[in-house]
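Asks: The structure that follows is given in the form of C-alpha cells.
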Amino acid sequence: MKLAGKRIIVTGGAQGIGASVVKAYTVAGANVASLDIADELGMQVAAEAAQKGPGPVNFYHCDVSNRRSVEDSFDLAVRDIGGLDVLAHAAGIARYSPAEAITDEDLDQIININVYGVVYTNQMAFRYMREHGGRIINFGSVSGLVPFINGAHYSASKGAVFSWTRTIAHEWGKYGIAANAMAPAIRTPGYEKHRARMNSEQLKKHDAELAKLFPLGGTLGDPDRDFAPVMVFMASEDARFITGQIIPVDGGRLSTR
C-alpha cells in the first residue's frame with residue numbers, strides 16, 4: 001500500500017511497460033487511470049489490474065499525439081479519480097530503419113507520439129498539479145543516450161524527452177512539481193516483434209552483442225520484476241526530493257558506453 005491514496009494517470013497502459021506499471025500501481029493501492037489508443041487491450045489490462053487490487057483502475061481512450069484527445073481524456077480521468085498526484089507517461093513507439101532511409105511517415109509518427117505526446121500530457125498534468133504539486137515521470141530510453149543503430153529517429157525523440165524533462169523540472173519546481181525521466185532497457189512487445197523479424201543467425205549475433213552490453217544479466221530487463229518496482233518508488237513519497245534526473249534501469253548498459 002505504498003501508494004495508497006495517490007491519484008495517478010498512466011499513459012500507454014495497454015501493453016508492455018505501461019501495462020506493468022498500471023498493475024504495480026494498483027497493487028500498491030493507487031487510484032489509477034490508464035490511458036491508451038488500444039481500447040480492447042487497455043480495458044483487458046485494467047480489468048486484470050482491478051482483480052489484483054486493492055487500488056481501483058479505469059481505462060480511458062487517448063491518442064497522445066492529438067492535443068484535443070489528451071485534454072478530453074485527462075479532464076475525464078481527473079474528474080473520476082478526484083485529482084492528479086502523479087503522471088507516468090509511458091506512451092511511445094519505436095521504428096527501425098537506417099538513418100539514410102528514414103521516411104517522412106515514420107519520422108512524423110515518432111515525433112508526434114514520442115515528443116508532442118510528452119508536451120501535451122505534461123502540460124495537462126501541470127494544469128492539475130499547479131496548485132498542490134505532484135510528480136511527472138516521463139519515459140525516455142537508454143537509446144536516447146547511446147548510439148542506437150537503425151533507430152536514429154527514435155533515439156533523437158528520446159533525447160528530446162530528456163531535455164524537456166530536465167527543463168520543466170526547473171521551471172515547475174516552484175509549484176512543487178517534480179519531473180524525472182526514466183531510461184529503461186526493458187523488453188517490450190515492440191522489441192519482441194523486432195526479434196521475430198530476425199533469422200537465426202541475426203538473433204545469435206544480436207544476443208551475443210547484448211551479452212557484452214549488459215553487465216547484469218546479459219540482456220534487457222523484465223518489465224514486472226525489474227522496472228515496475230522502481231516506478232512505484234518514483235511515485236511514492238520516498239522519492240519526493242528527486243527531480244530533474246535521468247533514472248537508468250538498464251542492467252548497467254550505460255556503464256559500458
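Residues are named by chain letter and number: chains run A, B, ... in the order of the C-alpha cells, numbers start at 1 in each chain, and ligands are numbered from 1 in the order shown.
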If we count only C-alpha atoms, what is near A:Asp85 at a cut-off of 6 Å, once residues fewer than 4 positions away on the same chain are taken out, given as a compact mmCIF listing (two decimals) with N, CA and C atoms, in the first residue's frame?
Replies:
```txt
# COMPACT_ATOMS: atom_id res chain seq x y z
N ARG A 7 -3.41 9.54 -6.67
CA ARG A 7 -4.22 9.58 -7.88
C ARG A 7 -3.29 9.69 -9.07
N ILE A 8 -3.28 8.64 -9.90
CA ILE A 8 -2.23 8.50 -10.91
C ILE A 8 -2.82 8.26 -12.30
N GLY A 134 3.08 17.76 -7.44
CA GLY A 134 2.90 16.41 -7.94
C GLY A 134 4.16 15.87 -8.59
```
Asks: Using 12 Å as the limit and counting only C-alpha atoms, can you tabulate each residue of stretch 178-223 of chain A that touches stretch 102-124 of chain A, with its shortest atom-to-atom distance in Å and the two atoms involved, as JSON lines?
Replies:
```
{"residue": "A:Ala178", "atom": "CA", "partner": "A:Asn122", "partner_atom": "CA", "distance": 11.5}
{"residue": "A:Ala179", "atom": "CA", "partner": "A:Asn122", "partner_atom": "CA", "distance": 9.5}
{"residue": "A:Asn180", "atom": "CA", "partner": "A:Asn122", "partner_atom": "CA", "distance": 11.5}
{"residue": "A:Ala181", "atom": "CA", "partner": "A:Val118", "partner_atom": "CA", "distance": 10.8}
```
Asks: For each of A:Ala156, A:Ala33, A:Val27, A:Val64, take the minimum atom-to-atom distance to A:Leu76, counting only C-alpha atoms, then give the residue where this is smallest.
Replies: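 Distance minimum relative to A:Leu76 lands on A:Ala33.
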Asks: Point out the residue among A:Ser20, A:Thr11, A:Thr243, A:Thr219 with the least atom-to-atom distance to A:Ala125, counting only C-alpha atoms.
Replies: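 Among the listed residues, the smallest separation from A:Ala125 belongs to A:Thr11.
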Asks: Taking into account only C-alpha atoms, which residue in the set A:Leu254, A:Ile242, A:Ala228, A:Leu210 is nearest to A:Ala169?
Replies: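 The shortest atom-to-atom distance to A:Ala169 comes from A:Ile242.
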Asks: Give me the residues within 12 Å of A:Val230 as a list in words, counting only C-alpha atoms and dropping any in the same chain fewer than 3 places off.
Replies: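 So the residues in contact are Ile17, Ser20, Val21, Ala24, Tyr25, Ile137, Met182, Ala183, Pro184, Pro223, Asp224, Arg225, Asp226, Phe227, Phe233, Met234, Ala235, Ser236, Asp238, Ala239, Ile247, Pro248, Val249 and Asp250 of chain A.
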Asks: Mind pulling up the distance from atom CA of A:Gly92 to atom CA of A:Val142?
Replies: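 Taking atom CA of A:Val142 as the start and atom CA of A:Gly92 as the end point, the length is 13.9 Å.
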Asks: Pick out each residue of stretch 45-185 of chain A that DSSP on the backbone tags as alpha helix (DSSP H); I need them as JSON, numbers by chain.
Replies: {"A": [45, 46, 47, 48, 49, 50, 51, 52, 67, 68, 69, 70, 71, 72, 73, 74, 75, 76, 77, 78, 79, 80, 81, 104, 105, 106, 107, 108, 109, 110, 117, 118, 119, 120, 121, 122, 123, 124, 125, 126, 127, 128, 129, 152, 153, 154, 155, 156, 157, 158, 159, 160, 161, 162, 163, 164, 165, 166, 167, 168, 169, 170, 171, 172]}
